[in-house]
Amino acid sequence: MTRITSEEMKERLAVYFIMGTPNSEKPAEQVLEEALDGGVTLFQFREKGPGAFKGEDKAALAQRLQRLCRTYGVPFIVNDDVELAMAIDADGVHVGQDDEDARRVREKIGDKILGVSAHNVEEAMAAMAAGADYIGVGPIYPTRSKDDANEAQGPDILRRLREAGITIPIVAIGGITADNAREVMEAGADGVSVISAIASSPSPKAAASRLLEAVRAARVKR
Ligand SMILES: Cc1ncc(COP(=O)(O)OP(=O)(O)O)c(N)n1
Ligand SMILES: Cc1nc(C(=O)O)sc1CCOP(=O)(O)O
Ligand SMILES: [Mg+2]
């Protein structure tokens with residue numbers, strides 16, 4: 001395996017779906033399959049919060065969702081849990097500022113995809129230096145999907161990062177929908193990352209497809 005290129009990473013970030021069992025009343029497999037049918041380009045397994053599976057149950061669910069992603073040729077990223085990612089040979093890991101140090105994670109995962117959360121220029125620079133393949137920047141808008149989220153920063157944070165010379169692929173996160181995806185892309189994101197816009201939709205397939213359309217339309221306009 002070789003490291004993903006920056007251009008490939010940007011393509012993959014278009015519609016980055018994040019989910020775990022607490023995010024939907026429907027079975028996770030069903031929601032993910034519908035989202036994949038709708039065209040999501042990257043998936044993150046984030047099994048945390050009330051009622052989340054742990055231990056062997058968590059690993060078994062991860063493997064079922066990973067198999068689905070493989071069927072669709074969509075990379076499978078594990079949130080926080082580097083050990084699980086290595087044990088099931090996931091395609092990558094996402095860590096935040098309070099998780100395992102990004103540099104150590106890069107050493108452990110070799111060429112797998114490494115995503116790091118960043119909230120400002122300093123954290124973005126540090127993530128680049130640690131070997132991140134992309135940064136997740138948020139929350140852009142208020143979110144109900146993460147209890148310990150920071151204050152919403154608005155799309156301007158993306159502009160500030162780009163103006164400061166941050167060139168690494170950026171995925172925006174937090175309160176993003178098909179209706180605001182365009183302004184997020186125009187502010188400097190390479191893609192959008194969502195939980196509720198897809199997981200809480202009556203039709204995850206239609207929701208994913210609308211997001212992809214919005215992201216593609218914004219890319220054409222650049
Ligand atoms: C794509 C993406 N961006 C940001 C996050 C948030 O990561 P973190 O700050 O570690 O918070 P948790 O998701 O672990 O609660 C993310 N998961 N994905
Ligand atoms: C997992 C996560 N991380 C965030 C951050 O700001 O780092 S916001 C968030 C939740 C995103 O869910 P929704 O699309 O439902 O708002
Ligand atoms: Mg984390």
# chains A, B, ... in the order shown; residues from 1 in each chain; ligands from 1
>>> residues_near_ligand(ligand="ligand 1", cutoff="8 Å", atoms="only C-alpha atoms and all ligand atoms", output="ChimeraX atom specification")
/A:16,18,44,46,48,79-80,94-99,115-118,135-138,146,148-149,171-173,193
>>> write_last_selection(atoms="C-alpha atoms", output="tab-separated table (two decimals), in the first residue's frame")
chain	number	residue	atom	x	y	z
A	16	TYR	CA	-17.64	11.91	4.15
A	18	ILE	CA	-19.72	9.44	9.88
A	44	GLN	CA	-15.92	6.87	9.37
A	46	ARG	CA	-17.60	6.46	15.15
A	48	LYS	CA	-19.44	6.45	20.80
A	79	ASN	CA	-12.60	7.09	14.77
A	80	ASP	CA	-10.25	7.27	17.81
A	94	HIS	CA	-9.28	9.82	12.55
A	95	VAL	CA	-7.98	11.37	15.77
A	96	GLY	CA	-8.74	14.66	17.51
A	97	GLN	CA	-6.71	16.97	19.71
A	98	ASP	CA	-7.60	14.97	22.85
A	99	ASP	CA	-6.85	11.57	21.32
A	115	GLY	CA	-7.23	12.35	9.60
A	116	VAL	CA	-6.71	14.89	12.39
A	117	SER	CA	-9.17	17.44	13.82
A	118	ALA	CA	-7.95	21.05	13.75
A	135	ILE	CA	-7.81	17.77	8.56
A	136	GLY	CA	-11.39	17.88	9.86
A	137	VAL	CA	-12.38	21.46	10.71
A	138	GLY	CA	-15.41	22.29	12.82
A	146	LYS	CA	-21.26	15.82	19.48
A	148	ASP	CA	-18.32	18.16	23.69
A	149	ALA	CA	-18.13	20.15	20.44
A	171	VAL	CA	-13.14	18.44	5.28
A	172	ALA	CA	-15.63	20.70	7.02
A	173	ILE	CA	-17.82	19.27	9.78
A	193	SER	CA	-18.49	15.51	6.62
>>> select_by_dssp(residues="range 85-175 of chain A", states="strand (DSSP E)", output="PDB file with C-alpha atoms, in the first residue's frame")
ATOM      1  CA  GLY A  92      -7.412   4.724   8.094  1.00  0.00           C
ATOM      2  CA  VAL A  93      -7.920   6.446  11.434  1.00  0.00           C
ATOM      3  CA  HIS A  94      -9.284   9.819  12.549  1.00  0.00           C
ATOM      4  CA  VAL A  95      -7.975  11.374  15.768  1.00  0.00           C
ATOM      5  CA  ILE A 113      -5.117   7.356   5.840  1.00  0.00           C
ATOM      6  CA  LEU A 114      -4.632   9.676   8.834  1.00  0.00           C
ATOM      7  CA  GLY A 115      -7.227  12.353   9.596  1.00  0.00           C
ATOM      8  CA  VAL A 116      -6.712  14.890  12.386  1.00  0.00           C
ATOM      9  CA  SER A 117      -9.169  17.444  13.816  1.00  0.00           C
ATOM     10  CA  ALA A 118      -7.951  21.051  13.754  1.00  0.00           C
ATOM     11  CA  TYR A 134      -6.484  15.591   5.785  1.00  0.00           C
ATOM     12  CA  ILE A 135      -7.810  17.769   8.562  1.00  0.00           C
ATOM     13  CA  GLY A 136     -11.389  17.884   9.865  1.00  0.00           C
ATOM     14  CA  VAL A 137     -12.381  21.462  10.714  1.00  0.00           C
ATOM     15  CA  ILE A 170      -9.783  19.982   4.441  1.00  0.00           C
ATOM     16  CA  VAL A 171     -13.141  18.441   5.277  1.00  0.00           C
ATOM     17  CA  ALA A 172     -15.629  20.705   7.021  1.00  0.00           C
ATOM     18  CA  ILE A 173     -17.820  19.268   9.784  1.00  0.00           C
TER      19      ILE A 173
END
>>> residues_near_ligand(ligand="ligand 2", cutoff="6 Å", atoms="only C-alpha atoms and all ligand atoms", output="JSON, numbers by chain")
{"A": [138, 139, 143, 144, 145, 146, 149, 173, 174, 175, 176, 194, 195, 196, 197]}
>>> write_last_selection(atoms="N, CA and C atoms", output="PDB file, in the first residue's frame")
ATOM      1  N   GLY A 138     -14.044  22.005  12.395  1.00  0.00           N
ATOM      2  CA  GLY A 138     -15.407  22.286  12.817  1.00  0.00           C
ATOM      3  C   GLY A 138     -15.484  22.615  14.296  1.00  0.00           C
ATOM      4  N   PRO A 139     -16.698  22.779  14.837  1.00  0.00           N
ATOM      5  CA  PRO A 139     -17.921  22.758  14.048  1.00  0.00           C
ATOM      6  C   PRO A 139     -18.102  24.062  13.271  1.00  0.00           C
ATOM      7  N   THR A 143     -24.026  21.913  16.155  1.00  0.00           N
ATOM      8  CA  THR A 143     -24.318  20.495  15.949  1.00  0.00           C
ATOM      9  C   THR A 143     -24.927  19.879  17.203  1.00  0.00           C
ATOM     10  N   ARG A 144     -25.813  18.903  17.002  1.00  0.00           N
ATOM     11  CA  ARG A 144     -26.358  18.174  18.148  1.00  0.00           C
ATOM     12  C   ARG A 144     -25.764  16.776  18.220  1.00  0.00           C
ATOM     13  N   SER A 145     -24.821  16.490  17.341  1.00  0.00           N
ATOM     14  CA  SER A 145     -24.300  15.117  17.251  1.00  0.00           C
ATOM     15  C   SER A 145     -23.036  14.905  18.072  1.00  0.00           C
ATOM     16  N   LYS A 146     -22.481  15.975  18.675  1.00  0.00           N
ATOM     17  CA  LYS A 146     -21.260  15.815  19.478  1.00  0.00           C
ATOM     18  C   LYS A 146     -21.416  16.655  20.741  1.00  0.00           C
ATOM     19  N   ALA A 149     -18.613  19.333  21.574  1.00  0.00           N
ATOM     20  CA  ALA A 149     -18.135  20.147  20.437  1.00  0.00           C
ATOM     21  C   ALA A 149     -17.810  21.565  20.903  1.00  0.00           C
ATOM     22  N   ILE A 173     -16.903  20.112   9.002  1.00  0.00           N
ATOM     23  CA  ILE A 173     -17.820  19.268   9.784  1.00  0.00           C
ATOM     24  C   ILE A 173     -18.637  20.119  10.751  1.00  0.00           C
ATOM     25  N   GLY A 174     -19.826  19.631  11.087  1.00  0.00           N
ATOM     26  CA  GLY A 174     -20.655  20.275  12.100  1.00  0.00           C
ATOM     27  C   GLY A 174     -21.828  21.025  11.497  1.00  0.00           C
ATOM     28  N   GLY A 175     -23.023  20.445  11.594  1.00  0.00           N
ATOM     29  CA  GLY A 175     -24.242  21.122  11.144  1.00  0.00           C
ATOM     30  C   GLY A 175     -24.360  21.296   9.647  1.00  0.00           C
ATOM     31  N   ILE A 176     -23.633  20.494   8.884  1.00  0.00           N
ATOM     32  CA  ILE A 176     -23.650  20.681   7.422  1.00  0.00           C
ATOM     33  C   ILE A 176     -24.807  19.905   6.787  1.00  0.00           C
ATOM     34  N   VAL A 194     -20.596  14.647   7.456  1.00  0.00           N
ATOM     35  CA  VAL A 194     -21.882  14.769   8.137  1.00  0.00           C
ATOM     36  C   VAL A 194     -22.246  13.509   8.901  1.00  0.00           C
ATOM     37  N   ILE A 195     -22.980  13.726   9.990  1.00  0.00           N
ATOM     38  CA  ILE A 195     -23.656  12.610  10.664  1.00  0.00           C
ATOM     39  C   ILE A 195     -25.154  12.737  10.380  1.00  0.00           C
ATOM     40  N   SER A 196     -25.807  13.734  11.045  1.00  0.00           N
ATOM     41  CA  SER A 196     -27.274  13.747  11.050  1.00  0.00           C
ATOM     42  C   SER A 196     -27.901  14.002   9.690  1.00  0.00           C
ATOM     43  N   ALA A 197     -27.257  14.767   8.826  1.00  0.00           N
ATOM     44  CA  ALA A 197     -27.874  15.063   7.523  1.00  0.00           C
ATOM     45  C   ALA A 197     -28.177  13.777   6.767  1.00  0.00           C
TER      46      ALA A 197
END
>>> closest_residue(among="A:Ala164, A:Ala132, A:Ile198, A:Leu84", to="Gly55 in chain A", atoms="only C-alpha atoms")
A:Leu84
>>> closest_residue(among="A:Arg210, A:Asp91, A:Ser201, A:Asp81", to="Ser24 in chain A", atoms="only C-alpha atoms")
A:Ser201
>>> residues_around(residues="Asn23 in chain A", least_positions_apart="3", cutoff="9 Å", atoms="only C-alpha atoms", output="number ranges by chain")
A: 19-20, 26, 28, 49, 145, 195-196, 199-200
>>> closest_residue(among="A:Glu25, A:Glu11, A:Glu183, A:Ala90", to="Asp111 in chain A", atoms="only C-alpha atoms")
A:Ala90
>>> closest_residue(among="A:Phe53, A:Phe45, A:Tyr141, A:Tyr72", to="ligand 3", atoms="only C-alpha atoms and all ligand atoms")
A:Phe45
>>> closest_residue(among="A:Val74, A:Val82, A:Ala35, A:Met1", to="ligand 3", atoms="only C-alpha atoms and all ligand atoms")
A:Val82
>>> closest_residue(among="A:Leu65, A:Leu212, A:Val121, A:Ile77", to="Thr167 in chain A", atoms="only C-alpha atoms")
A:Val121
>>> residues_around(residues="range 153-157 of chain A", least_positions_apart="2", cutoff="9 Å", atoms="only C-alpha atoms", output="list in words")
His119, Asn120, Val137, Gly138, Pro139, Ile140, Tyr141, Pro142, Asn150, Glu151, Arg159, Arg160, Leu161, Arg162, Ala172, Glu183, Val184, Met185, Glu186, Ala187, Gly188 and Ala189 of chain A
>>> select_by_dssp(residues="range 28-170 of chain A", states="helix (DSSP H, G or I)", output="ChimeraX atom specification")
/A:28-38,55-72,82-87,102-109,121-130,156-163
>>> atom_distance(atom1="CA of Met128 in chain A", atom2="CA of Arg104 in chain A")
13.5 Å
>>> atom_distance(atom1="CA of Pro22 in chain A", atom2="CA of Ala207 in chain A")
18.7 Å
>>> residues_around(residues="Glu213 in chain A", least_positions_apart="4", cutoff="12 Å", atoms="only C-alpha atoms", output="PDB file with N, CA and C atoms, in the first residue's frame")
ATOM      1  N   ALA A  14     -15.227  14.287  -0.633  1.00  0.00           N
ATOM      2  CA  ALA A  14     -16.427  14.988  -1.143  1.00  0.00           C
ATOM      3  C   ALA A  14     -17.611  14.860  -0.185  1.00  0.00           C
ATOM      4  N   VAL A  15     -18.060  13.635   0.053  1.00  0.00           N
ATOM      5  CA  VAL A  15     -19.150  13.425   1.026  1.00  0.00           C
ATOM      6  C   VAL A  15     -18.709  12.323   1.992  1.00  0.00           C
ATOM      7  N   GLY A  38     -26.399   6.127  -2.221  1.00  0.00           N
ATOM      8  CA  GLY A  38     -26.564   7.538  -2.573  1.00  0.00           C
ATOM      9  C   GLY A  38     -25.273   8.210  -2.991  1.00  0.00           C
ATOM     10  N   GLY A  39     -24.127   7.532  -2.787  1.00  0.00           N
ATOM     11  CA  GLY A  39     -22.866   8.053  -3.330  1.00  0.00           C
ATOM     12  C   GLY A  39     -21.876   8.606  -2.330  1.00  0.00           C
ATOM     13  N   VAL A  40     -21.986   8.247  -1.024  1.00  0.00           N
ATOM     14  CA  VAL A  40     -20.961   8.771  -0.106  1.00  0.00           C
ATOM     15  C   VAL A  40     -19.580   8.268  -0.548  1.00  0.00           C
ATOM     16  N   THR A 177     -25.461  20.571   5.838  1.00  0.00           N
ATOM     17  CA  THR A 177     -26.588  19.984   5.114  1.00  0.00           C
ATOM     18  C   THR A 177     -26.399  20.288   3.623  1.00  0.00           C
ATOM     19  N   ALA A 178     -27.304  19.735   2.797  1.00  0.00           N
ATOM     20  CA  ALA A 178     -27.224  20.029   1.360  1.00  0.00           C
ATOM     21  C   ALA A 178     -27.464  21.515   1.102  1.00  0.00           C
ATOM     22  N   ASP A 179     -28.161  22.195   2.022  1.00  0.00           N
ATOM     23  CA  ASP A 179     -28.474  23.613   1.815  1.00  0.00           C
ATOM     24  C   ASP A 179     -27.306  24.551   2.123  1.00  0.00           C
ATOM     25  N   ALA A 181     -23.953  23.331   2.143  1.00  0.00           N
ATOM     26  CA  ALA A 181     -22.699  22.710   1.675  1.00  0.00           C
ATOM     27  C   ALA A 181     -21.949  23.626   0.702  1.00  0.00           C
ATOM     28  N   ARG A 182     -22.719  24.342  -0.118  1.00  0.00           N
ATOM     29  CA  ARG A 182     -22.083  25.172  -1.126  1.00  0.00           C
ATOM     30  C   ARG A 182     -21.239  26.293  -0.510  1.00  0.00           C
ATOM     31  N   GLY A 191     -14.418  19.061   0.939  1.00  0.00           N
ATOM     32  CA  GLY A 191     -15.574  18.192   1.052  1.00  0.00           C
ATOM     33  C   GLY A 191     -16.296  18.456   2.348  1.00  0.00           C
ATOM     34  N   VAL A 192     -17.406  17.750   2.525  1.00  0.00           N
ATOM     35  CA  VAL A 192     -18.213  17.929   3.742  1.00  0.00           C
ATOM     36  C   VAL A 192     -18.362  16.605   4.468  1.00  0.00           C
ATOM     37  N   ALA A 206     -31.237   9.415  -0.544  1.00  0.00           N
ATOM     38  CA  ALA A 206     -31.551  10.714  -1.160  1.00  0.00           C
ATOM     39  C   ALA A 206     -30.710  11.813  -0.519  1.00  0.00           C
ATOM     40  N   ALA A 207     -30.498  11.735   0.802  1.00  0.00           N
ATOM     41  CA  ALA A 207     -29.718  12.772   1.501  1.00  0.00           C
ATOM     42  C   ALA A 207     -28.269  12.773   1.011  1.00  0.00           C
ATOM     43  N   ALA A 208     -27.696  11.574   0.870  1.00  0.00           N
ATOM     44  CA  ALA A 208     -26.309  11.483   0.396  1.00  0.00           C
ATOM     45  C   ALA A 208     -26.202  12.011  -1.031  1.00  0.00           C
ATOM     46  N   SER A 209     -27.165  11.659  -1.835  1.00  0.00           N
ATOM     47  CA  SER A 209     -27.139  12.069  -3.229  1.00  0.00           C
ATOM     48  C   SER A 209     -27.261  13.595  -3.357  1.00  0.00           C
ATOM     49  N   ALA A 217     -21.447  20.573  -7.609  1.00  0.00           N
ATOM     50  CA  ALA A 217     -21.820  21.848  -8.234  1.00  0.00           C
ATOM     51  C   ALA A 217     -20.878  22.953  -7.758  1.00  0.00           C
ATOM     52  N   ALA A 218     -20.542  22.937  -6.474  1.00  0.00           N
ATOM     53  CA  ALA A 218     -19.647  23.967  -5.934  1.00  0.00           C
ATOM     54  C   ALA A 218     -18.242  23.807  -6.504  1.00  0.00           C
ATOM     55  N   ARG A 219     -17.822  22.567  -6.736  1.00  0.00           N
ATOM     56  CA  ARG A 219     -16.474  22.339  -7.299  1.00  0.00           C
ATOM     57  C   ARG A 219     -16.383  22.866  -8.727  1.00  0.00           C
ATOM     58  N   VAL A 220     -17.432  22.663  -9.505  1.00  0.00           N
ATOM     59  CA  VAL A 220     -17.445  23.125 -10.896  1.00  0.00           C
ATOM     60  C   VAL A 220     -17.312  24.633 -10.945  1.00  0.00           C
TER      61      VAL A 220
END
